[in-house]
Structure formats: C-alpha cells, structure tokens
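Enquirer: Have a peek at final-v7.txt (compact mmCIF, C-alpha atoms).
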```
# COMPACT_ATOMS: atom_id res chain seq x y z
CA MET A 1 -10.66 2.00 19.74
CA PRO A 2 -8.67 4.13 22.21
CA ALA A 3 -7.29 7.31 20.63
CA VAL A 4 -3.71 6.34 21.49
CA LEU A 5 -4.00 3.11 19.50
CA THR A 6 -5.53 4.94 16.54
CA PHE A 7 -2.68 7.46 16.61
CA SER A 8 -0.12 4.65 16.95
CA ARG A 9 -1.44 2.84 13.89
CA ARG A 10 -1.58 6.03 11.84
CA LEU A 11 1.98 6.79 12.88
CA GLY A 12 2.93 3.23 11.97
CA ALA A 13 1.43 3.60 8.49
CA VAL A 14 3.35 6.84 7.91
CA THR A 15 6.58 5.28 9.22
CA LEU A 16 6.21 2.26 6.96
CA ALA A 17 5.43 4.39 3.91
CA LEU A 18 8.57 6.47 4.50
CA ALA A 19 10.60 3.31 5.08
CA ALA A 20 9.35 1.82 1.82
CA LEU A 21 10.42 4.96 -0.06
CA ALA A 22 13.82 4.80 1.63
CA ILE A 23 14.20 1.16 0.65
CA ALA A 24 13.27 1.87 -2.96
CA PHE A 25 15.68 4.86 -3.07
CA GLY A 26 18.44 2.75 -1.55
CA ALA A 27 17.90 0.04 -4.14
CA ALA A 28 18.11 2.59 -6.92
CA GLN A 29 21.45 3.85 -5.57
CA SER A 30 22.91 0.39 -4.99
CA PRO A 31 25.37 -0.89 -7.64
CA GLU A 32 24.08 -4.42 -7.13
CA ARG A 33 20.38 -5.25 -7.08
CA ARG A 34 19.25 -6.59 -3.75
CA LYS A 35 17.63 -9.98 -3.45
CA LEU A 36 15.06 -11.05 -0.87
CA LEU A 37 14.90 -14.20 1.23
CA VAL A 38 11.61 -14.59 3.12
CA LEU A 39 11.81 -17.01 6.05
CA SER A 40 8.34 -17.75 7.36
CA VAL A 41 8.33 -19.62 10.66
CA ASP A 42 4.83 -21.03 10.92
CA GLY A 43 3.26 -20.18 14.28
CA LEU A 44 6.00 -17.76 15.39
CA ASP A 45 3.90 -15.66 17.74
CA TRP A 46 5.42 -12.20 18.19
CA ARG A 47 5.68 -12.85 21.94
CA TYR A 48 8.43 -15.42 21.37
CA LEU A 49 10.67 -12.57 20.22
CA ARG A 50 9.26 -9.79 22.38
CA ASP A 51 9.59 -11.88 25.54
CA ALA A 52 12.69 -13.86 24.57
CA ASP A 53 14.55 -12.88 27.74
CA ARG A 54 11.66 -13.79 30.04
CA LEU A 55 11.24 -17.12 28.23
CA GLY A 56 14.99 -17.76 28.46
CA LEU A 57 15.22 -18.47 24.74
CA LYS A 58 18.61 -19.21 23.21
CA ILE A 59 18.02 -17.75 19.75
CA PRO A 60 21.19 -15.83 18.80
CA SER A 61 20.42 -15.72 15.08
CA LEU A 62 16.94 -14.29 15.53
CA ARG A 63 18.21 -11.86 18.16
CA ARG A 64 20.83 -10.68 15.66
CA LEU A 65 18.19 -10.04 13.00
CA MET A 66 16.15 -8.02 15.49
CA ALA A 67 19.11 -6.04 16.83
CA GLU A 68 20.53 -5.16 13.42
CA GLY A 69 17.30 -4.87 11.41
CA GLU A 70 13.86 -3.33 11.45
CA THR A 71 11.37 -5.01 13.78
CA ALA A 72 7.65 -4.29 13.87
CA ASP A 73 5.88 -4.43 17.20
CA GLY A 74 3.75 -7.34 16.03
CA VAL A 75 1.65 -8.02 12.93
CA LEU A 76 -2.14 -7.95 12.91
CA GLY A 77 -2.99 -11.02 10.86
CA ALA A 78 -5.41 -11.90 8.10
CA THR A 79 -8.78 -13.54 8.68
CA PRO A 80 -8.92 -16.46 9.21
CA THR A 81 -5.65 -16.72 11.15
CA VAL A 82 -4.57 -20.03 9.63
CA THR A 83 -1.61 -21.02 7.48
CA TRP A 84 -2.64 -21.03 3.84
CA PRO A 85 -4.72 -17.83 3.71
CA SER A 86 -2.13 -15.98 5.81
CA HIS A 87 0.83 -17.04 3.68
CA THR A 88 -1.05 -15.93 0.60
CA THR A 89 -1.79 -12.54 2.16
CA LEU A 90 1.95 -12.16 2.88
CA ILE A 91 2.76 -12.31 -0.84
CA THR A 92 -0.36 -10.65 -2.30
CA GLY A 93 -1.01 -7.81 0.14
CA VAL A 94 -4.76 -8.43 0.28
CA GLU A 95 -7.20 -10.25 2.55
CA PRO A 96 -8.31 -13.84 1.85
CA SER A 97 -11.71 -12.62 0.67
CA ARG A 98 -9.87 -10.99 -2.25
CA HIS A 99 -7.05 -13.42 -3.02
CA GLY A 100 -9.38 -16.42 -2.88
CA ILE A 101 -7.57 -18.74 -0.45
CA LEU A 102 -10.23 -18.89 2.24
CA GLY A 103 -8.79 -21.61 4.48
CA ASN A 104 -6.23 -24.38 4.48
CA GLN A 105 -8.75 -26.57 2.68
CA ARG A 106 -11.42 -25.74 0.15
CA PRO A 107 -15.13 -25.73 1.04
CA ARG A 108 -16.92 -29.06 1.08
CA ASP A 109 -18.92 -28.17 -2.03
CA GLU A 110 -15.56 -27.82 -3.84
CA GLY A 111 -14.34 -31.22 -2.65
CA GLY A 112 -12.64 -30.16 0.59
CA ASP A 113 -9.08 -30.71 -0.67
CA TYR A 114 -6.21 -28.34 0.11
CA TYR A 115 -5.70 -25.21 -1.97
CA TRP A 116 -2.73 -26.85 -3.65
CA LYS A 117 -2.58 -25.16 -7.06
CA ALA A 118 -1.52 -21.65 -7.95
CA ASP A 119 -4.33 -21.33 -10.50
CA LEU A 120 -6.74 -20.95 -7.55
CA LEU A 121 -5.24 -17.53 -6.83
CA LYS A 122 -7.42 -14.61 -7.88
CA VAL A 123 -4.80 -11.88 -7.62
CA ASP A 124 -1.17 -11.15 -8.42
CA THR A 125 1.63 -12.41 -6.19
CA LEU A 126 5.22 -11.34 -5.68
CA TRP A 127 6.46 -14.16 -7.88
CA HIS A 128 4.31 -12.79 -10.73
CA ALA A 129 5.89 -9.36 -10.17
CA THR A 130 9.42 -10.76 -10.22
CA ARG A 131 8.69 -12.70 -13.42
CA ARG A 132 7.40 -9.55 -15.16
CA ALA A 133 10.58 -7.71 -14.06
CA LYS A 134 12.64 -10.54 -15.62
CA LEU A 135 13.88 -11.62 -12.21
CA THR A 136 13.93 -15.14 -10.77
CA SER A 137 12.07 -16.74 -7.88
CA ALA A 138 12.13 -19.84 -5.69
CA ALA A 139 9.81 -21.39 -3.13
CA ILE A 140 10.25 -24.13 -0.54
CA THR A 141 7.01 -25.70 0.75
CA TRP A 142 5.20 -22.39 0.39
CA PRO A 143 1.41 -22.89 0.26
CA VAL A 144 -0.51 -22.61 -3.03
CA THR A 145 2.52 -23.05 -5.28
CA VAL A 146 1.81 -26.24 -7.24
CA ASP A 147 2.30 -25.37 -10.94
CA ALA A 148 3.25 -21.78 -10.06
CA ASP A 149 5.37 -19.48 -12.27
CA ILE A 150 8.37 -20.05 -9.99
CA ASP A 151 11.83 -20.89 -11.34
CA TRP A 152 12.98 -23.23 -8.54
CA ASN A 153 9.99 -24.72 -6.79
CA LEU A 154 9.51 -27.35 -4.09
CA PRO A 155 5.78 -26.77 -3.56
CA GLU A 156 3.78 -27.52 -0.45
CA LEU A 157 2.17 -30.82 -1.38
CA PHE A 158 1.76 -33.99 0.63
CA ALA A 159 0.02 -37.33 0.62
CA LYS A 160 1.32 -37.99 4.14
CA ARG A 161 2.28 -35.81 7.10
CA ARG A 162 4.38 -36.46 10.18
CA GLY A 163 4.04 -33.37 12.34
CA GLY A 164 5.45 -30.50 10.32
CA ALA A 165 7.14 -32.87 7.87
CA MET A 166 5.70 -33.72 4.44
CA ASP A 167 6.52 -36.69 2.26
CA LEU A 168 9.24 -35.79 -0.23
CA PRO A 169 7.88 -38.01 -3.05
CA SER A 170 4.74 -35.86 -3.25
CA ILE A 171 6.77 -32.64 -3.29
CA ALA A 172 9.23 -34.01 -5.84
CA SER A 173 6.38 -35.03 -8.16
CA LYS A 174 5.54 -31.36 -8.73
CA SER A 175 8.93 -29.75 -8.16
CA THR A 176 11.10 -28.08 -10.78
CA PRO A 177 12.64 -30.93 -12.83
CA GLY A 178 16.10 -31.85 -11.57
CA LEU A 179 15.94 -29.61 -8.48
CA VAL A 180 15.85 -32.45 -5.94
CA GLU A 181 18.87 -34.03 -7.61
CA ARG A 182 20.84 -30.77 -7.63
CA ILE A 183 20.17 -30.19 -3.94
CA THR A 184 21.15 -33.79 -3.19
CA ALA A 185 24.43 -33.39 -5.07
CA MET A 186 25.37 -30.57 -2.67
CA TYR A 187 23.73 -32.06 0.46
CA PRO A 188 23.57 -35.88 0.23
CA SER A 189 21.31 -36.18 3.30
CA PHE A 190 18.56 -34.17 1.64
CA PRO A 191 16.43 -36.93 0.02
CA GLN A 192 15.09 -38.50 3.22
CA GLU A 193 11.44 -39.59 3.15
CA TRP A 194 10.16 -36.63 5.17
CA MET A 195 10.84 -33.04 4.22
CA ASP A 196 11.18 -31.27 7.56
CA ASP A 197 12.74 -27.99 8.61
CA ARG A 198 16.25 -29.43 8.44
CA THR A 199 15.88 -30.37 4.78
CA ARG A 200 14.01 -27.14 4.07
CA ALA A 201 17.10 -25.35 5.39
CA LEU A 202 19.36 -27.48 3.17
CA ALA A 203 17.27 -26.57 0.15
CA THR A 204 17.51 -22.89 1.11
CA MET A 205 21.27 -23.12 1.50
CA TYR A 206 21.55 -24.69 -1.94
CA LEU A 207 19.52 -21.85 -3.45
CA MET A 208 21.68 -19.23 -1.74
CA ARG A 209 24.89 -20.86 -2.94
CA GLU A 210 23.98 -21.83 -6.52
CA PRO A 211 21.10 -20.27 -8.49
CA ARG A 212 20.72 -17.33 -6.05
CA PRO A 213 17.15 -16.33 -6.93
CA ASP A 214 16.02 -12.75 -6.63
CA LEU A 215 13.04 -13.80 -4.49
CA THR A 216 13.05 -16.89 -2.27
CA LEU A 217 10.05 -17.91 -0.17
CA VAL A 218 10.67 -20.49 2.57
CA HIS A 219 8.02 -22.00 4.83
CA PHE A 220 9.31 -23.61 8.06
CA VAL A 221 6.59 -25.72 9.69
CA ASP A 222 7.97 -27.65 12.68
CA LEU A 223 7.35 -24.95 15.33
CA ASP A 224 3.66 -24.83 14.44
CA SER A 225 3.36 -28.60 14.81
CA GLU A 226 5.11 -28.57 18.18
CA ALA A 227 2.89 -25.77 19.50
CA HIS A 228 -0.25 -27.63 18.42
CA ASP A 229 0.90 -30.79 20.17
CA ASN A 230 2.29 -29.26 23.38
CA GLY A 231 1.04 -25.68 23.50
CA PRO A 232 2.89 -22.43 22.69
CA PHE A 233 5.67 -21.13 24.95
CA THR A 234 6.14 -24.58 26.48
CA ARG A 235 9.49 -26.31 26.94
CA GLU A 236 8.92 -28.32 23.76
CA ALA A 237 7.83 -25.38 21.61
CA ASN A 238 10.67 -23.21 22.91
CA ALA A 239 13.17 -25.96 22.12
CA MET A 240 11.83 -26.23 18.57
CA LEU A 241 12.22 -22.49 18.08
CA GLU A 242 15.81 -22.76 19.33
CA TYR A 243 16.40 -25.48 16.73
CA THR A 244 14.84 -23.26 14.06
CA ASP A 245 17.29 -20.56 15.15
CA GLU A 246 20.17 -22.99 14.54
CA LEU A 247 18.88 -23.59 11.01
CA VAL A 248 18.55 -19.86 10.37
CA GLY A 249 22.15 -19.45 11.55
CA ARG A 250 23.32 -22.02 8.99
CA ILE A 251 21.46 -20.17 6.25
CA LEU A 252 22.94 -16.81 7.28
CA ALA A 253 26.43 -18.35 7.11
CA VAL A 254 26.08 -18.95 3.33
CA LEU A 255 24.04 -15.84 2.51
CA PRO A 256 25.28 -13.69 -0.39
CA ALA A 257 26.09 -10.13 0.60
CA ASN A 258 23.24 -8.54 -1.38
CA VAL A 259 20.40 -10.55 0.20
CA VAL A 260 17.84 -8.94 2.49
CA VAL A 261 16.25 -11.39 4.95
CA ALA A 262 12.65 -11.09 6.08
CA LEU A 263 11.62 -13.10 9.13
CA VAL A 264 7.83 -13.41 9.17
CA SER A 265 5.08 -15.64 10.45
CA ASP A 266 1.50 -16.36 9.53
CA HIS A 267 -0.24 -16.14 12.91
CA GLY A 268 0.18 -16.15 16.66
CA PHE A 269 -0.76 -18.97 19.01
CA GLU A 270 -2.89 -19.58 22.07
CA ARG A 271 -3.04 -22.34 24.64
CA THR A 272 -6.21 -24.38 24.25
CA ASP A 273 -7.73 -25.73 27.45
CA ARG A 274 -11.33 -26.24 26.38
CA VAL A 275 -13.69 -26.14 23.41
CA THR A 276 -17.18 -24.68 23.83
CA ASN A 277 -19.74 -26.63 21.83
CA VAL A 278 -21.70 -23.82 20.21
CA ALA A 279 -24.47 -26.19 19.10
CA ALA A 280 -25.16 -27.19 22.71
CA LEU A 281 -24.72 -23.62 23.93
CA LEU A 282 -27.28 -22.17 21.51
CA SER A 283 -29.72 -24.98 22.34
CA ARG A 284 -29.30 -24.28 26.06
CA ILE A 285 -30.00 -20.55 25.70
CA GLY A 286 -32.89 -21.05 23.27
CA VAL A 287 -31.31 -19.64 20.11
CA LYS A 288 -32.59 -21.64 17.13
CA SER A 289 -31.41 -19.26 14.40
CA GLY A 290 -29.55 -16.01 13.95
CA ALA A 291 -26.13 -17.18 15.15
CA ASN A 292 -23.13 -18.92 13.61
CA VAL A 293 -19.37 -19.34 14.08
CA GLU A 294 -16.93 -17.85 11.56
CA ALA A 295 -13.24 -16.90 11.85
CA GLY A 296 -13.20 -17.96 15.49
CA LEU A 297 -16.08 -15.62 16.40
CA LEU A 298 -19.65 -16.31 17.48
CA LEU A 299 -21.69 -14.01 15.26
CA ALA A 300 -25.27 -12.93 15.94
CA THR A 301 -27.28 -11.88 12.91
CA ASP A 302 -30.35 -10.61 14.72
CA ASP A 303 -31.05 -8.72 17.91
CA VAL A 304 -32.79 -11.63 19.65
CA ALA A 305 -29.76 -13.91 19.27
CA ALA A 306 -27.41 -11.08 20.27
CA ALA A 307 -29.34 -10.42 23.49
CA ALA A 308 -29.39 -14.12 24.41
CA ILE A 309 -25.64 -14.47 23.83
CA ARG A 310 -24.89 -11.34 25.85
CA LYS A 311 -26.85 -12.79 28.75
CA ALA A 312 -25.11 -16.16 28.42
CA ARG A 313 -21.74 -14.40 28.40
CA THR A 314 -22.14 -13.51 32.08
CA ASP A 315 -21.80 -17.21 33.02
CA PRO A 316 -18.13 -18.34 32.78
CA GLU A 317 -19.29 -21.92 32.17
CA HIS A 318 -20.38 -20.89 28.67
CA GLY A 319 -16.85 -19.90 27.61
CA ILE A 320 -17.88 -16.64 25.89
CA GLY A 321 -15.32 -13.85 26.07
CA ARG A 322 -15.13 -10.29 24.83
CA GLU A 323 -17.79 -8.77 22.62
CA VAL A 324 -15.95 -7.46 19.57
CA PRO A 325 -17.09 -3.95 18.67
CA ILE A 326 -18.74 -3.80 15.25
CA ASP A 327 -16.37 -1.03 14.14
CA GLU A 328 -13.43 -3.33 14.96
CA LEU A 329 -15.06 -6.10 12.95
CA ARG A 330 -15.48 -3.79 9.97
CA ARG A 331 -11.95 -2.41 10.25
CA ILE A 332 -10.13 -5.73 10.54
CA ASP A 333 -12.33 -7.86 8.29
CA PRO A 334 -14.79 -5.85 6.20
CA SER A 335 -16.00 -8.93 4.33
CA ARG A 336 -17.13 -10.53 7.58
CA SER A 337 -19.39 -7.58 8.43
CA ARG A 338 -21.07 -7.08 5.06
CA GLY A 339 -24.00 -9.26 6.06
CA GLN A 340 -26.42 -8.60 8.86
CA VAL A 341 -24.03 -9.14 11.74
CA VAL A 342 -25.27 -7.20 14.75
CA ALA A 343 -22.89 -8.60 17.40
CA ALA A 344 -19.68 -10.65 17.53
CA PHE A 345 -18.11 -12.50 20.45
CA GLU A 346 -14.69 -14.06 21.02
CA PRO A 347 -14.32 -17.22 23.08
CA ALA A 348 -12.98 -16.80 26.60
CA ASP A 349 -9.24 -17.03 27.18
CA PHE A 350 -7.72 -20.42 26.31
CA THR A 351 -11.06 -21.47 24.82
CA MET A 352 -12.12 -22.23 21.25
CA PHE A 353 -15.55 -22.40 19.69
CA GLY A 354 -16.45 -25.75 18.15
CA ARG A 355 -19.63 -27.40 16.98
CA ASP A 356 -20.89 -30.95 17.44
CA GLN A 357 -24.59 -31.29 16.68
CA ALA A 358 -24.63 -34.85 17.97
CA SER A 359 -23.21 -34.03 21.41
CA PRO A 360 -25.34 -32.55 24.20
CA SER A 361 -22.18 -31.61 26.11
CA LEU A 362 -21.42 -27.91 26.48
CA THR A 363 -17.68 -28.63 26.56
CA LEU A 364 -15.90 -30.73 23.94
CA PRO A 365 -12.46 -32.27 24.45
CA ALA A 366 -9.62 -30.18 23.11
CA ARG A 367 -7.82 -32.22 20.45
CA GLU A 368 -4.75 -29.99 20.65
CA LYS A 369 -2.95 -28.14 23.42
CA GLY A 370 -2.46 -25.09 21.23
CA GLY A 371 -4.39 -23.41 18.44
CA HIS A 372 -4.64 -20.34 16.22
CA TYR A 373 -8.16 -20.26 14.88
CA GLY A 374 -9.26 -17.06 16.57
CA TRP A 375 -9.84 -13.42 15.79
CA PRO A 376 -6.62 -11.64 14.67
CA GLY A 377 -6.71 -9.30 17.65
CA ARG A 378 -6.06 -12.18 20.09
CA TYR A 379 -2.40 -12.51 19.11
CA ARG A 380 0.19 -11.11 16.72
CA ALA A 381 2.45 -12.52 14.03
CA THR A 382 6.07 -11.48 13.37
CA PHE A 383 7.89 -9.13 10.98
CA VAL A 384 11.64 -8.47 10.97
CA LEU A 385 13.63 -7.09 8.01
CA TRP A 386 17.43 -7.31 7.99
CA GLY A 387 20.24 -6.82 5.50
CA PRO A 388 21.79 -4.26 3.14
CA GLY A 389 19.99 -0.92 3.23
CA ILE A 390 17.92 -1.82 6.32
CA ARG A 391 18.61 0.32 9.36
CA PRO A 392 18.01 -0.86 12.93
CA ALA A 393 14.57 0.31 14.03
CA ARG A 394 11.59 -0.66 16.15
CA THR A 395 8.40 0.35 14.36
CA PRO A 396 4.76 0.20 15.50
CA GLU A 397 2.45 -2.72 14.82
CA ILE A 398 1.62 -3.31 11.15
CA ARG A 399 -1.05 -5.21 9.28
CA MET A 400 -0.20 -8.33 7.31
CA THR A 401 -1.62 -6.71 4.18
CA GLU A 402 1.19 -4.11 4.28
CA ILE A 403 4.03 -6.62 4.00
CA ALA A 404 3.91 -7.56 0.29
CA SER A 405 4.47 -3.94 -0.73
CA ARG A 406 7.49 -3.78 1.59
CA PHE A 407 8.89 -6.86 -0.12
CA ALA A 408 8.32 -5.37 -3.58
CA ALA A 409 10.17 -2.21 -2.48
CA VAL A 410 13.18 -4.29 -1.41
CA LEU A 411 13.20 -6.06 -4.78
CA GLY A 412 12.64 -2.79 -6.65
CA VAL A 413 9.77 -4.24 -8.68
CA PRO A 414 6.40 -2.63 -9.47
CA PHE A 415 3.58 -4.29 -7.54
CA MET A 416 -0.08 -3.43 -7.10
CA PRO A 417 -1.81 -5.50 -4.40
CA GLY A 418 -5.09 -6.94 -5.59
CA ALA A 419 -4.40 -6.79 -9.34
CA PRO A 420 -5.96 -9.77 -11.15
CA THR A 421 -3.64 -12.69 -11.82
CA ALA A 422 -2.22 -12.54 -15.32
CA PRO A 423 -2.16 -15.63 -17.59
CA ARG A 424 0.70 -18.04 -16.95
CA SER A 425 3.87 -16.74 -18.56
CA PRO A 426 6.64 -18.80 -20.18
CA ALA A 427 9.77 -19.65 -18.23
CA HIS A 428 12.78 -17.49 -18.89
```
As a first step, turn the structure in this file into structure tokens.
Expert:
Amino acid sequence: MPAVLTFSRRLGAVTLALAALAIAFGAAQSPERRKLLVLSVDGLDWRYLRDADRLGLKIPSLRRLMAEGETADGVLGATPTVTWPSHTTLITGVEPSRHGILGNQRPRDEGGDYYWKADLLKVDTLWHATRRAKLTSAAITWPVTVDADIDWNLPELFAKRRGGAMDLPSIASKSTPGLVERITAMYPSFPQEWMDDRTRALATMYLMREPRPDLTLVHFVDLDSEAHDNGPFTREANAMLEYTDELVGRILAVLPANVVVALVSDHGFERTDRVTNVAALLSRIGVKSGANVEAGLLLATDDVAAAAIRKARTDPEHGIGREVPIDELRRIDPSRSRGQVVAAFEPADFTMFGRDQASPSLTLPAREKGGHYGWPGRYRATFVLWGPGIRPARTPEIRMTEIASRFAAVLGVPFMPGAPTAPRSPAH
C-alpha cells in the first residue's frame, strides 16, 4: 500500500477516536440524552454523494446532512459486500466471520434460507447494548431482526418481493404486537400490500413522533433494487435516490431536537456488463484444482494455479483484473487468507465472476445491469453523522467495523464489539 494511504488511514483512525471521545463528552454534558436514528440506504455508493454536482442530483436533504454534519470520505465495507452481512457489521462492529451472518442466505447445508432470526447472531449488537442500558430500540426492515430484543420491530421478512418492496403480511406476522395498527392510525395509507420505502418512511415518522426510541434502525431498499435493474448512476437510479431524499426530508421535518441522524449504506455498486464463467476459464487454461471463487475474488491455493491465472490475465477476453496483494487480502479480510491462498484476482472492470459447470461458454449473460458482489476495495459505502453535538467535518475514509462504536458513543452506552450475544432479556 502506498505510504500516503497508510498515513491517511492512520490519521483517520486517530481522528475518529478523538471524535468518539468528543461525542461521549458532549453527551455527558448534555441535559437531555441524545437519541440515534440510523438511516441505511441500501446500495448508496459514496460516489452518489461525492459526485452529486457532476451527476446533477437534486438531493437537498442529503446535501444538508453533509454540509452540517460529519462526512467520511467513503467507507471500506465488510466481506462479502452484500446486504445482510454488511448491515450486521454496521451494528456489531465486527466482520461477518465473527458475527456469523456470512451472506444474505445461509449455506446450502443449512437449508439455504435467509438469515432471518436474531438468534443466528454470534455477537452483541447495538440493540443489546441499549437494552442493557435500559434504553429503547426500534427497527424497520433491518436484516436479522426476527424475534430480536427490540421494543418496536418491523423485521425484514418476506414471502414475496417486488423490487425493494416486501409483503407486509409477512412483516406483520413477526412485528411487535399492535405496531402496524398504531402506525396505521397515524398514517392510514400505511397498510398497503407492499412495504416499500414510502411506508418505511411513514413507520419512521410514527416512531419519531410517538414512542421516540433511543435507537432506531431503518433499512431503505428501493435504491438498491433500481441499481440492480438499471445500473448505478443511471437516470433511473439517480431518480430513485432523489425520491429517497424526499422521504428523508419528511423524516427530518418531524425529528425531535435531541436526535442524531446517521446516514449509512451497506456497500457500493458497479455496472455489470459481463460475467466470466470461471468453470470454463479454468478448464481452458488447464487448472483442474487449486482455484476457487470467494467474496468476488478468484483465489489460487497453489503456485501452479496462480501462475496459470497470471498468464491468463494478460488476455482481456478472460475478464481477469487486478491481482490483489496478499497483504491487502490479510488486512481487509483476515479470515479469507487463513488458508493456503497464494494469489487473489479481481474481475476486470464491469465484470463479475460466475460459475456454470454445464456451460462451455467463457462469458455468461449478466442477469443484472448492476451488482455489488466484489472485493470491498472496488467501491465505497457511505457514512454521514448529523445532529446535536456533531460539528461539520470531512474526515478520511473509515472501515465499516468502526461505525458501531461511533453509534454507541452517540447513545452514551457501553459497547464492546465482538462480545458474545447474551441470553434474550425480558422486555421492559
């Protein structure tokens, strides 16, 4: 890694540590305890905000948060860079290999279903910390929250999907009793069949106006769906972000004065033009063993496979991009490098690695125009913090594992990332 980047990240870590102390000190001096509202916009690549002027984005609410709050120069994500593991890293402060949510869906030998239930978590979360501090929490379609110790909960759960929308009957079946009815009493249009970002915003507005939890976790999903269907930074994706901005503006209009808002995302996004069939590629170059695909990387586990892949990389037809230095692999994802990995390769730009043993074709059709299944270094997620006690600042890039501790500092609650999950506690 270039020395300037190493220095920048070290400086960023020091800056964030000092900021966390300042936040905690500010909370101690404040006559009214601050609350935290986390707005996660799924798929909000940092470049949407960094390049908002160039993209011509009309996002006044998000621009306000950036101008008046603390904005990190991107977030280096968790591995893999997909929704459920990343959202869990945001509220645990540890990598998926430690918190136990290894993908959106469980391995085939575990049935392959989604990681719905909170009892699959191996470590403490922020909602556990708030419960121990005798504070309250809420969640709106946040992953891995079915049966969680959350006071007002509309968990991410669906039998049907329509883009980013999820069927409300499934969510309601595991929600806090009476919560759907209370939201509906305030916002009669809430109980439509599909819970989309509009109704997620209505639920958030209800929470801000009535129970006012200490910690609220909100997962907006529609931007991610639009970027998969049409590609990131396209007219359609940009328009969806502008709509999300409208919803954020409505939430800010009813926000209590003591609420800090965190705008975050789970991963960046990349245009997907082609998929390289790794099965056909390895057959073509004569590699029968010693190579596999994990976390968006083509990994070689012996020197023979590594040499063959390096040679194949020189032909653009093969769709092999940068060789990831082993020290970068170890730094970003230590669990991925504990085996006998001797070389790692990213796909070429706008390319994904796939595998179809039955197809002899080197190139598979891309099912989506946008994706986010790659190595974290290919793109960055988003972090903005705004509200009482937060000074305007532009800080260096941070890692996703740093964010949970920042949230705990805002709330003024003790939190140790990676602590084992305690037994389920009674509601208060």
Enquirer: Give the answer as one residue: which of A:Ala312, A:Ala300, A:Ile101, A:Leu76 has the shortest atom-to-atom distance to Pro396 (chain A), using all atoms listed in the file?
Expert: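 Among A:Ala312, A:Ala300, A:Ile101, A:Leu76, it is A:Leu76 that comes nearest to Pro396 (chain A).
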Enquirer: Could you state the separation of CA of Ile320 (chain A) and CA of Ala279 (chain A) in Å, given to one decimal place?
Expert: 13.4 Å
Enquirer: CA of Arg378 (chain A) and CA of Tyr243 (chain A) are how many Å apart?
Expert: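 That distance, rounded to one decimal, is 26.3 Å.
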Enquirer: Axis-aligned box over every listed atom of region 277-285 of chain A, padded by 6 Å per side: centre and edges in Å to one decimal, as lines of an AutoDock Vina configuration file?
Expert:
```
center_x = -24.9
center_y = -23.9
center_z = 22.6
size_x = 22.3
size_y = 18.6
size_z = 19.0
```
Enquirer: By how many Å are CA of Leu299 (chain A) and CA of Pro143 (chain A) apart?
Expert: 28.9 Å
Enquirer: Find the residue from A:Ser86, A:Thr141, A:Thr421, A:Ser189 that sits nearest to Val221 (chain A); use all atoms listed in the file when measuring.
Expert: A:Thr141
Enquirer: Could you tell me which of A:Leu39, A:Ala307, A:Leu223, A:Leu297 comes closest to Leu329 (chain A) if we count only C-alpha atoms?
Expert: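 Once distances to Leu329 (chain A) are computed over only C-alpha atoms, the minimum belongs to A:Leu297.
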Enquirer: Would you mind telling me which residue in A:Glu32, A:Leu102, A:Thr176, A:Val41 lies nearest to Leu241 (chain A) when using only C-alpha atoms?
Expert: A:Val41
Enquirer: For Gly77 (chain A), list every protein, DNA or RNA residue within 10 Å, evaluated using only C-alpha atoms, and leave out those in the same chain fewer than 3 positions away; present the list as a PDB file with C-alpha atoms, in the frame of the given file.
Expert:
```pdb
ATOM      1  CA  GLY A  74       3.750  -7.340  16.030  1.00  0.00           C
ATOM      2  CA  PRO A  80      -8.920 -16.460   9.210  1.00  0.00           C
ATOM      3  CA  THR A  81      -5.650 -16.720  11.150  1.00  0.00           C
ATOM      4  CA  VAL A  82      -4.570 -20.030   9.630  1.00  0.00           C
ATOM      5  CA  SER A  86      -2.130 -15.980   5.810  1.00  0.00           C
ATOM      6  CA  THR A  89      -1.790 -12.540   2.160  1.00  0.00           C
ATOM      7  CA  LEU A  90       1.950 -12.160   2.880  1.00  0.00           C
ATOM      8  CA  GLU A  95      -7.200 -10.250   2.550  1.00  0.00           C
ATOM      9  CA  SER A 265       5.080 -15.640  10.450  1.00  0.00           C
ATOM     10  CA  ASP A 266       1.500 -16.360   9.530  1.00  0.00           C
ATOM     11  CA  HIS A 267      -0.240 -16.140  12.910  1.00  0.00           C
ATOM     12  CA  GLY A 268       0.180 -16.150  16.660  1.00  0.00           C
ATOM     13  CA  ILE A 332     -10.130  -5.730  10.540  1.00  0.00           C
ATOM     14  CA  TRP A 375      -9.840 -13.420  15.790  1.00  0.00           C
ATOM     15  CA  PRO A 376      -6.620 -11.640  14.670  1.00  0.00           C
ATOM     16  CA  GLY A 377      -6.710  -9.300  17.650  1.00  0.00           C
ATOM     17  CA  ARG A 378      -6.060 -12.180  20.090  1.00  0.00           C
ATOM     18  CA  TYR A 379      -2.400 -12.510  19.110  1.00  0.00           C
ATOM     19  CA  ARG A 380       0.190 -11.110  16.720  1.00  0.00           C
ATOM     20  CA  ALA A 381       2.450 -12.520  14.030  1.00  0.00           C
ATOM     21  CA  THR A 382       6.070 -11.480  13.370  1.00  0.00           C
ATOM     22  CA  ILE A 398       1.620  -3.310  11.150  1.00  0.00           C
ATOM     23  CA  ARG A 399      -1.050  -5.210   9.280  1.00  0.00           C
ATOM     24  CA  MET A 400      -0.200  -8.330   7.310  1.00  0.00           C
ATOM     25  CA  THR A 401      -1.620  -6.710   4.180  1.00  0.00           C
TER      26      THR A 401
END
```
Enquirer: Restricting the calculation to only C-alpha atoms, which member of A:Asp109, A:Asp214, A:Asp356, A:Glu402 is positioned closest to Val261 (chain A)?
Expert: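 Ranking A:Asp109, A:Asp214, A:Asp356, A:Glu402 by distance to Val261 (chain A), first place goes to A:Asp214.
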Enquirer: For Ala138 (chain A), which residue out of A:Phe158, A:Trp84, A:Tyr187, A:Tyr206 is the nearest one, using only C-alpha atoms?
Expert: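 For Ala138 (chain A), the nearest of the candidates is A:Tyr206.
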Enquirer: Could you pull the residues within 10 Å of Phe233 (chain A), counting all atoms listed in the file, minus those fewer than 5 positions along the same chain, as an NGL selection string?
Expert: :A and (45 or 47-48 or 55 or 57 or 227 or 238-239 or 241 or 269-271 or 370)
Enquirer: Restricted to C-alpha atoms, what would the selected residues look like written as a tab-separated table (two decimals), in the frame of the given file?
Expert:
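New file part_32.tsv:
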```tsv
chain	number	residue	atom	x	y	z
A	45	ASP	CA	3.90	-15.66	17.74
A	47	ARG	CA	5.68	-12.85	21.94
A	48	TYR	CA	8.43	-15.42	21.37
A	55	LEU	CA	11.24	-17.12	28.23
A	57	LEU	CA	15.22	-18.47	24.74
A	227	ALA	CA	2.89	-25.77	19.50
A	238	ASN	CA	10.67	-23.21	22.91
A	239	ALA	CA	13.17	-25.96	22.12
A	241	LEU	CA	12.22	-22.49	18.08
A	269	PHE	CA	-0.76	-18.97	19.01
A	270	GLU	CA	-2.89	-19.58	22.07
A	271	ARG	CA	-3.04	-22.34	24.64
A	370	GLY	CA	-2.46	-25.09	21.23
```
Enquirer: Excluding region 345-352 of chain A and residues on its chain fewer than 2 positions from it, collect all residues at most 10 Å away from it, counting all atoms listed in the file, and give them as a ChimeraX atom specification.
Expert: /A:270-278,293,295-300,306,309-310,313,316-325,343,354,363-364,366,369-375,377-378
